[in-house]
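Enquirer: Just so it is clear, I am handing over my_file_5.txt, which has compact mmCIF, C-alpha atoms.
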# COMPACT_ATOMS: atom_id res chain seq x y z
CA MET L 195 0.00 0.00 0.00
CA THR L 196 1.38 3.39 -1.01
CA ALA L 197 1.01 6.34 1.34
CA HIS L 198 0.84 9.79 -0.20
CA LEU L 199 2.55 12.40 1.92
CA LEU L 200 1.44 15.99 2.23
CA ASP L 201 3.87 18.47 0.77
CA ARG L 202 4.35 22.22 0.77
CA ARG L 203 4.25 22.65 -2.98
CA SER L 204 1.51 24.92 -4.19
CA HIS L 205 -1.37 23.29 -5.98
CA THR L 206 -2.58 24.42 -9.36
CA ALA L 207 -5.13 27.18 -8.95
CA ARG L 208 -8.58 26.54 -10.35
CA PRO L 209 -9.26 28.55 -13.55
CA ALA L 210 -11.18 31.70 -12.69
CA LEU L 211 -13.11 34.46 -14.45
CA PRO L 212 -11.47 37.85 -13.79
CA VAL L 213 -14.38 40.25 -13.20
CA LEU L 214 -12.98 43.45 -11.68
CA GLY L 215 -9.73 44.17 -9.88
CA ASP L 216 -9.32 41.56 -7.17
CA MET L 217 -12.65 39.92 -7.97
CA ALA L 218 -12.07 36.62 -9.75
CA LEU L 219 -14.64 33.80 -9.69
CA PRO L 220 -13.44 30.18 -10.00
CA LEU L 221 -15.10 28.47 -12.97
CA ALA L 222 -17.23 25.32 -12.74
CA ARG L 223 -18.45 26.43 -9.29
CA LEU L 224 -21.48 28.13 -7.75
CA HIS L 225 -21.18 31.68 -6.38
CA GLU L 226 -23.64 33.90 -4.49
CA ALA L 227 -24.39 37.61 -4.94
CA CYS L 228 -26.58 39.34 -2.37
CA GLY L 229 -27.50 42.84 -1.28
CA PRO L 230 -29.60 45.58 -2.87
CA ALA L 231 -27.31 45.85 -5.92
CA ARG L 232 -26.96 42.08 -6.54
CA ARG L 233 -28.46 42.35 -10.03
CA THR L 234 -25.98 45.10 -10.93
CA LEU L 235 -23.19 42.80 -9.76
CA ALA L 236 -24.62 40.03 -11.97
CA MET L 237 -24.44 42.43 -14.95
CA LEU L 238 -20.77 43.13 -14.17
CA VAL L 239 -20.06 39.40 -14.06
CA ALA L 240 -21.93 38.91 -17.35
CA ALA L 241 -19.90 41.72 -18.94
CA ALA L 242 -16.71 39.81 -18.04
CA THR L 243 -17.89 36.74 -20.00
CA ARG L 244 -18.31 36.10 -23.69
CA GLY L 245 -21.23 34.37 -25.28
CA PRO L 246 -24.79 33.73 -24.13
CA VAL L 247 -26.10 34.10 -20.58
CA PHE L 248 -29.08 32.24 -19.10
CA TRP L 249 -31.06 34.23 -16.49
CA ILE L 250 -33.45 32.06 -14.47
CA ALA L 251 -36.11 33.62 -12.24
CA PRO L 252 -39.32 32.19 -10.78
CA GLY L 253 -42.28 32.80 -13.06
CA TRP L 254 -44.44 34.02 -10.17
CA LEU L 255 -42.07 36.91 -9.37
CA GLY L 256 -42.53 40.00 -11.51
CA ASP L 257 -38.96 41.33 -11.21
CA ARG L 258 -37.09 41.13 -14.50
CA PRO L 259 -34.05 43.11 -15.60
CA ASN L 260 -34.97 45.99 -17.88
CA PRO L 261 -32.99 45.83 -21.17
CA ASP L 262 -32.62 49.63 -21.16
CA GLY L 263 -30.98 49.47 -17.73
CA MET L 264 -28.86 46.46 -18.69
CA LEU L 265 -27.46 48.26 -21.73
CA ALA L 266 -25.25 50.45 -19.52
CA PHE L 267 -23.39 47.30 -18.41
CA VAL L 268 -23.83 44.51 -20.97
CA ASP L 269 -25.60 43.78 -24.26
CA PRO L 270 -29.08 42.46 -23.33
CA ALA L 271 -29.21 40.50 -26.62
CA ARG L 272 -26.84 37.96 -25.01
CA PHE L 273 -29.46 36.99 -22.41
CA THR L 274 -32.06 34.24 -22.52
CA PHE L 275 -34.65 34.64 -19.75
CA LEU L 276 -36.16 31.47 -18.30
CA ALA L 277 -39.17 31.60 -15.93
CA PRO L 278 -40.08 28.22 -14.39
CA ASP L 279 -43.59 28.15 -12.87
CA ARG L 280 -42.95 25.68 -10.04
CA PRO L 281 -40.50 26.33 -7.15
CA GLU L 282 -38.77 22.95 -7.60
CA ASP L 283 -38.13 23.71 -11.28
CA VAL L 284 -36.02 26.83 -10.59
CA LEU L 285 -33.03 24.94 -9.15
CA TRP L 286 -33.60 22.04 -11.56
CA THR L 287 -33.32 24.46 -14.51
CA LEU L 288 -30.12 25.92 -13.05
CA GLU L 289 -28.68 22.45 -12.51
CA GLU L 290 -29.44 21.28 -16.05
CA ALA L 291 -28.04 24.46 -17.61
CA LEU L 292 -24.79 24.06 -15.65
CA ARG L 293 -24.56 20.35 -16.45
CA SER L 294 -24.88 21.01 -20.19
CA GLY L 295 -21.89 23.37 -20.24
CA THR L 296 -23.47 25.19 -23.20
CA VAL L 297 -23.34 28.70 -21.74
CA PRO L 298 -20.48 30.33 -19.83
CA LEU L 299 -22.75 32.01 -17.22
CA VAL L 300 -26.02 30.86 -15.66
CA VAL L 301 -27.68 33.28 -13.22
CA ALA L 302 -30.56 32.26 -10.93
CA ASP L 303 -32.49 35.06 -9.20
CA LEU L 304 -33.85 33.26 -6.12
CA PRO L 305 -36.37 34.35 -3.48
CA GLU L 306 -34.23 32.72 -0.73
CA PRO L 307 -30.87 30.94 -0.38
CA PRO L 308 -30.93 27.24 -1.29
CA ALA L 309 -30.04 24.48 1.19
CA MET L 310 -26.69 22.65 1.29
CA THR L 311 -27.80 19.59 -0.71
CA PRO L 312 -28.97 21.55 -3.78
CA VAL L 313 -25.76 23.62 -3.65
CA ARG L 314 -23.65 20.45 -3.73
CA ARG L 315 -25.67 19.18 -6.68
CA LEU L 316 -25.11 22.48 -8.49
CA HIS L 317 -21.33 22.29 -7.93
CA LEU L 318 -21.30 18.75 -9.33
CA ALA L 319 -23.42 19.83 -12.30
CA ALA L 320 -21.01 22.70 -13.08
CA GLU L 321 -18.02 20.35 -12.85
CA THR L 322 -19.75 17.92 -15.22
CA GLY L 323 -20.53 20.76 -17.65
CA ALA L 324 -16.86 21.78 -17.62
CA GLN L 325 -15.85 18.25 -18.66
CA THR L 326 -18.52 17.55 -21.27
CA GLY L 327 -19.59 20.93 -22.65
CA PRO L 328 -17.85 23.63 -24.67
CA HIS L 329 -17.58 25.94 -21.60
CA ALA L 330 -16.54 25.65 -17.96
CA PRO L 331 -19.78 27.19 -16.71
CA LEU L 332 -20.09 29.64 -13.87
CA GLY L 333 -23.18 29.50 -11.67
CA LEU L 334 -24.32 32.68 -9.91
CA ILE L 335 -27.26 32.73 -7.52
CA LEU L 336 -28.80 36.05 -6.51
CA THR L 337 -30.30 36.04 -3.01
CA PRO L 338 -31.99 38.78 -0.97
CA GLY L 339 -30.54 40.46 2.10
CA ASP L 340 -27.15 39.17 3.19
CA GLY L 341 -27.55 35.84 1.40
CA GLY L 342 -26.50 32.79 3.35
CA ALA L 343 -26.39 29.77 1.04
CA SER L 344 -24.25 27.02 2.59
CA GLY L 345 -21.44 25.46 0.59
CA ILE L 346 -21.06 28.13 -2.10
CA GLU L 347 -17.60 28.96 -3.46
CA THR L 348 -17.82 32.71 -2.82
CA ARG L 349 -20.40 35.18 -1.47
CA TRP L 350 -20.42 38.83 -2.54
CA HIS L 351 -22.56 41.69 -1.21
CA MET L 352 -23.08 44.84 -3.26
CA ALA L 353 -24.91 48.00 -2.24
CA PRO L 354 -25.23 51.46 -3.80
CA ALA L 355 -22.98 54.23 -2.44
CA HIS L 356 -23.78 56.88 -5.05
CA GLN L 357 -22.54 60.46 -4.81
CA PRO L 358 -24.35 63.54 -6.20
CA ARG L 359 -22.38 63.50 -9.48
CA SER L 360 -21.18 59.91 -9.75
CA ARG L 361 -22.40 56.37 -9.43
CA ALA L 362 -20.61 54.20 -6.87
CA TRP L 363 -21.12 50.95 -5.01
CA ARG L 364 -19.70 49.18 -1.98
CA LEU L 365 -18.58 45.64 -2.81
CA ASP L 366 -17.88 43.17 0.00
CA ARG L 367 -16.40 39.71 -0.32
CA LEU L 368 -18.21 38.06 2.58
CA ARG L 369 -16.94 34.55 1.98
CA ALA L 370 -14.41 32.78 -0.21
CA ARG L 371 -12.72 29.43 0.15
CA THR L 372 -9.28 30.84 -0.68
CA ALA L 373 -9.40 34.51 0.36
CA PRO L 374 -10.33 36.53 3.44
CA PRO L 375 -13.30 38.92 3.65
CA ALA L 376 -12.59 42.27 2.01
CA THR L 377 -14.31 45.52 1.01
CA TRP L 378 -13.91 47.79 -2.02
CA HIS L 379 -15.40 51.02 -3.32
CA LEU L 380 -16.45 50.63 -6.97
CA THR L 381 -16.68 53.67 -9.23
CA GLY L 382 -16.45 54.45 -12.93
CA ARG L 383 -18.33 53.29 -15.97
CA PRO L 384 -18.42 50.16 -18.12
CA GLY L 385 -14.96 49.36 -19.40
CA HIS L 386 -13.40 51.82 -16.93
CA TRP L 387 -14.25 50.52 -13.46
CA HIS L 388 -12.09 51.32 -10.45
CA MET L 389 -11.99 49.18 -7.30
CA THR L 390 -10.33 50.88 -4.34
CA PRO L 391 -10.26 50.18 -0.61
CA PRO L 392 -12.86 52.24 1.28
Written as structure tokens, that's how I'd like the structure from this file.
Expert:
Amino acid sequence: MTAHLLDRRSHTARPALPVLGDMALPLARLHEACGPARRTLAMLVAAATRGPVFWIAPGWLGDRPNPDGMLAFVDPARFTFLAPDRPEDVLWTLEEALRSGTVPLVVADLPEPPAMTPVRRLHLAAETGAQTGPHAPLGLILTPGDGGASGIETRWHMAPAHQPRSRAWRLDRLRARTAPPATWHLTGRPGHWHMTPP
């Protein structure tokens, strides 16, 4: 029987999507965005990708991104909006989209954080999609308040911090498997964003 010893060599980092500054999201994993500006954060993540984006939201909720508002961040023509009618179909749709690996980003706008078991299934689905599909998909769930999904790769909170003559946001990394919590002040415009410590 062979025993494998632990060593101090660094392991290969998981491929990640560079979004803004120090914000990079590991691919083939599930991430969480929460806070009042979570949809704006989702648009920034979408702008960092290429290709189509699936946006899943429960059919019984009326909130949908407005294409005119999206245009300031990302081309709305890249989005396909899916609206499952049953609660159990929302996470199932997200899981199947990740498993297919056909789109680089799948966003699910949820009314509450999912439990640990569905999150594990979503991670496995994204890993499968990375192996069998043309893309290593990124899953992003949007949750109200301060979020709280167990088992996610990273959790980000974004809130407006606008000034009289400029748009600005506060971006907090609340949780990450490989990095400590951190806070940034986000200013600028699409293509020219600036992330600075508060």
Enquirer: Distance atom CA of Thr337 of chain L-atom CA of Leu304 of chain L, one decimal place?
Expert: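 The value is 5.5 Å.
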Enquirer: Report, in Å to a single decimal, how far apart atom CA of Ala251 of chain L and atom CA of Arg349 of chain L are.
Expert: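 Pair atom CA of Arg349 of chain L / atom CA of Ala251 of chain L returns 19.1 Å.
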Enquirer: So which one's closest to Leu285 of chain L, L:Leu368, L:Ala330, L:Leu336, L:Leu316? Using only C-alpha atoms, please.
Expert: L:Leu316
Enquirer: Step by step: start from the point (-22.8, 23.5, 1.4) in the file's coordinates, keep every protein, DNA or RNA residue that has an atom no farther than 8 Å from it, count all atoms listed in the file, and write the set as a list in words.
Expert: Ala309, Met310, Thr311, Val313, Arg314, Ala343, Ser344, Gly345 and Ile346 of chain L
Enquirer: Can you work out which one of L:His329, L:Ala277, L:Gly341, L:Ser360 has the shortest atom-to-atom distance to Arg383 of chain L, counting all atoms listed in the file?
Expert: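 Distance minimum relative to Arg383 of chain L lands on L:Ser360.
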Enquirer: What does the structure give for the distance between atom CA of Thr381 of chain L and atom CA of Ala218 of chain L, in Å to one decimal?
Expert: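 Calculated distance between atom CA of Thr381 of chain L and atom CA of Ala218 of chain L is 17.7 Å.
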Enquirer: Counting only C-alpha atoms, which of L:Leu332, L:Val284, L:Ala227, L:Leu292 gets nearest to Thr243 of chain L?
Expert: L:Leu332
Enquirer: Neighbours of segment 229-233 of chain L within 7 Å (all atoms listed in the file; same-chain residues fewer than 4 positions away dropped), as a PyMOL selection string?
Expert: chain L and resi 237+336+338-340+351-354
Enquirer: Please check which residues have atoms at most 8 Å from (-23.9, 53.4, -19.4) in the file's coordinates, counting all atoms listed in the file, and write them as number ranges by chain.
Expert: L: 265-267, 383-384
Enquirer: Smallest atom-to-atom distance to Pro246 of chain L: which of L:Gly323, L:Pro312, L:Glu306, L:Pro331, using only C-alpha atoms?
Expert: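 Using only C-alpha atoms, Pro246 of chain L sits closest to L:Pro331.
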Enquirer: So that I can see what lies close to Ala242 of chain L, please list as a compact mmCIF listing (two decimals) with C-alpha atoms, keeping the file's coordinate frame the residues with an atom at most 10 Å from it, counting only C-alpha atoms and leaving out residues fewer than 6 positions away in the same chain.
Expert:
# COMPACT_ATOMS: atom_id res chain seq x y z
CA LEU L 211 -13.11 34.46 -14.45
CA PRO L 212 -11.47 37.85 -13.79
CA VAL L 213 -14.38 40.25 -13.20
CA LEU L 214 -12.98 43.45 -11.68
CA ALA L 236 -24.62 40.03 -11.97
CA VAL L 268 -23.83 44.51 -20.97
CA LEU L 299 -22.75 32.01 -17.22
CA GLY L 385 -14.96 49.36 -19.40
Enquirer: For a quick check of understanding, using only C-alpha atoms, which of L:Glu347, L:Gly382, L:Asn260, L:Gln325 has the smallest distance to Arg367 of chain L?
Expert: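 Comparing L:Glu347, L:Gly382, L:Asn260, L:Gln325 against Arg367 of chain L, the winner is L:Glu347.
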Enquirer: Have a look at L:Arg280, L:Arg364, L:Arg293, L:Arg244 and name the one nearest to Met389 of chain L; count only C-alpha atoms.
Expert: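 Looking at the shortest contact to Met389 of chain L, the residue is L:Arg364.
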Enquirer: Generate the coordinates of N, CA, C and O atoms for segment 262-288 of chain L; report them as a tab-separated table (two decimals), keeping the file's coordinate frame.
Expert:
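Written file, part35.tsv:
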chain	number	residue	atom	x	y	z
L	262	ASP	N	-33.17	48.27	-21.09
L	262	ASP	CA	-32.62	49.63	-21.16
L	262	ASP	C	-31.62	49.87	-20.04
L	262	ASP	O	-30.59	50.52	-20.24
L	263	GLY	N	-31.91	49.35	-18.85
L	263	GLY	CA	-30.98	49.47	-17.73
L	263	GLY	C	-29.76	48.57	-17.88
L	263	GLY	O	-28.65	48.92	-17.48
L	264	MET	N	-29.96	47.40	-18.48
L	264	MET	CA	-28.86	46.46	-18.69
L	264	MET	C	-27.84	47.02	-19.67
L	264	MET	O	-26.64	46.75	-19.56
L	265	LEU	N	-28.30	47.78	-20.64
L	265	LEU	CA	-27.46	48.26	-21.73
L	265	LEU	C	-26.26	49.06	-21.23
L	265	LEU	O	-25.21	49.09	-21.88
L	266	ALA	N	-26.38	49.69	-20.07
L	266	ALA	CA	-25.25	50.45	-19.52
L	266	ALA	C	-24.11	49.54	-19.08
L	266	ALA	O	-22.98	49.99	-18.90
L	267	PHE	N	-24.40	48.23	-18.91
L	267	PHE	CA	-23.39	47.30	-18.41
L	267	PHE	C	-23.03	46.21	-19.42
L	267	PHE	O	-21.88	45.82	-19.54
L	268	VAL	N	-24.04	45.67	-20.11
L	268	VAL	CA	-23.83	44.51	-20.97
L	268	VAL	C	-24.92	44.49	-22.04
L	268	VAL	O	-26.01	45.03	-21.84
L	269	ASP	N	-24.63	43.87	-23.17
L	269	ASP	CA	-25.60	43.78	-24.26
L	269	ASP	C	-26.74	42.83	-23.86
L	269	ASP	O	-26.51	41.64	-23.67
L	270	PRO	N	-27.97	43.32	-23.74
L	270	PRO	CA	-29.08	42.46	-23.33
L	270	PRO	C	-29.41	41.37	-24.35
L	270	PRO	O	-30.06	40.38	-24.02
L	271	ALA	N	-28.95	41.52	-25.59
L	271	ALA	CA	-29.21	40.50	-26.62
L	271	ALA	C	-28.52	39.18	-26.30
L	271	ALA	O	-28.89	38.14	-26.84
L	272	ARG	N	-27.54	39.19	-25.40
L	272	ARG	CA	-26.84	37.96	-25.01
L	272	ARG	C	-27.65	37.10	-24.05
L	272	ARG	O	-27.31	35.95	-23.80
L	273	PHE	N	-28.73	37.66	-23.49
L	273	PHE	CA	-29.46	36.99	-22.41
L	273	PHE	C	-30.65	36.19	-22.93
L	273	PHE	O	-31.40	36.65	-23.79
L	274	THR	N	-30.84	35.03	-22.35
L	274	THR	CA	-32.06	34.24	-22.52
L	274	THR	C	-32.71	34.17	-21.14
L	274	THR	O	-32.07	33.71	-20.18
L	275	PHE	N	-33.95	34.63	-21.02
L	275	PHE	CA	-34.65	34.64	-19.75
L	275	PHE	C	-35.55	33.41	-19.64
L	275	PHE	O	-36.36	33.16	-20.52
L	276	LEU	N	-35.38	32.67	-18.56
L	276	LEU	CA	-36.16	31.47	-18.30
L	276	LEU	C	-36.97	31.70	-17.04
L	276	LEU	O	-36.45	32.19	-16.03
L	277	ALA	N	-38.27	31.33	-17.06
L	277	ALA	CA	-39.17	31.60	-15.93
L	277	ALA	C	-39.96	30.35	-15.56
L	277	ALA	O	-41.13	30.21	-15.94
L	278	PRO	N	-39.34	29.42	-14.82
L	278	PRO	CA	-40.08	28.22	-14.39
L	278	PRO	C	-41.27	28.60	-13.50
L	278	PRO	O	-41.20	29.55	-12.72
L	279	ASP	N	-42.37	27.85	-13.63
L	279	ASP	CA	-43.59	28.15	-12.87
L	279	ASP	C	-43.63	27.48	-11.50
L	279	ASP	O	-44.34	27.95	-10.62
L	280	ARG	N	-42.92	26.39	-11.32
L	280	ARG	CA	-42.95	25.68	-10.04
L	280	ARG	C	-41.65	25.91	-9.27
L	280	ARG	O	-40.57	25.94	-9.87
L	281	PRO	N	-41.71	26.07	-7.94
L	281	PRO	CA	-40.50	26.33	-7.15
L	281	PRO	C	-39.41	25.28	-7.36
L	281	PRO	O	-38.23	25.63	-7.48
L	282	GLU	N	-39.78	24.01	-7.44
L	282	GLU	CA	-38.77	22.95	-7.60
L	282	GLU	C	-38.08	23.00	-8.97
L	282	GLU	O	-36.99	22.45	-9.14
L	283	ASP	N	-38.71	23.65	-9.94
L	283	ASP	CA	-38.13	23.71	-11.28
L	283	ASP	C	-37.05	24.80	-11.42
L	283	ASP	O	-36.27	24.77	-12.38
L	284	VAL	N	-37.00	25.75	-10.49
L	284	VAL	CA	-36.02	26.83	-10.59
L	284	VAL	C	-34.61	26.26	-10.45
L	284	VAL	O	-33.74	26.46	-11.31
L	285	LEU	N	-34.36	25.52	-9.35
L	285	LEU	CA	-33.03	24.94	-9.15
L	285	LEU	C	-32.75	23.82	-10.15
L	285	LEU	O	-31.60	23.63	-10.56
L	286	TRP	N	-33.80	23.09	-10.56
L	286	TRP	CA	-33.60	22.04	-11.56
L	286	TRP	C	-33.13	22.65	-12.88
L	286	TRP	O	-32.22	22.13	-13.52
L	287	THR	N	-33.71	23.78	-13.28
L	287	THR	CA	-33.32	24.46	-14.51
L	287	THR	C	-31.86	24.93	-14.41
L	287	THR	O	-31.08	24.78	-15.36
L	288	LEU	N	-31.50	25.49	-13.27
L	288	LEU	CA	-30.12	25.92	-13.05
L	288	LEU	C	-29.16	24.74	-13.14
L	288	LEU	O	-28.12	24.81	-13.81
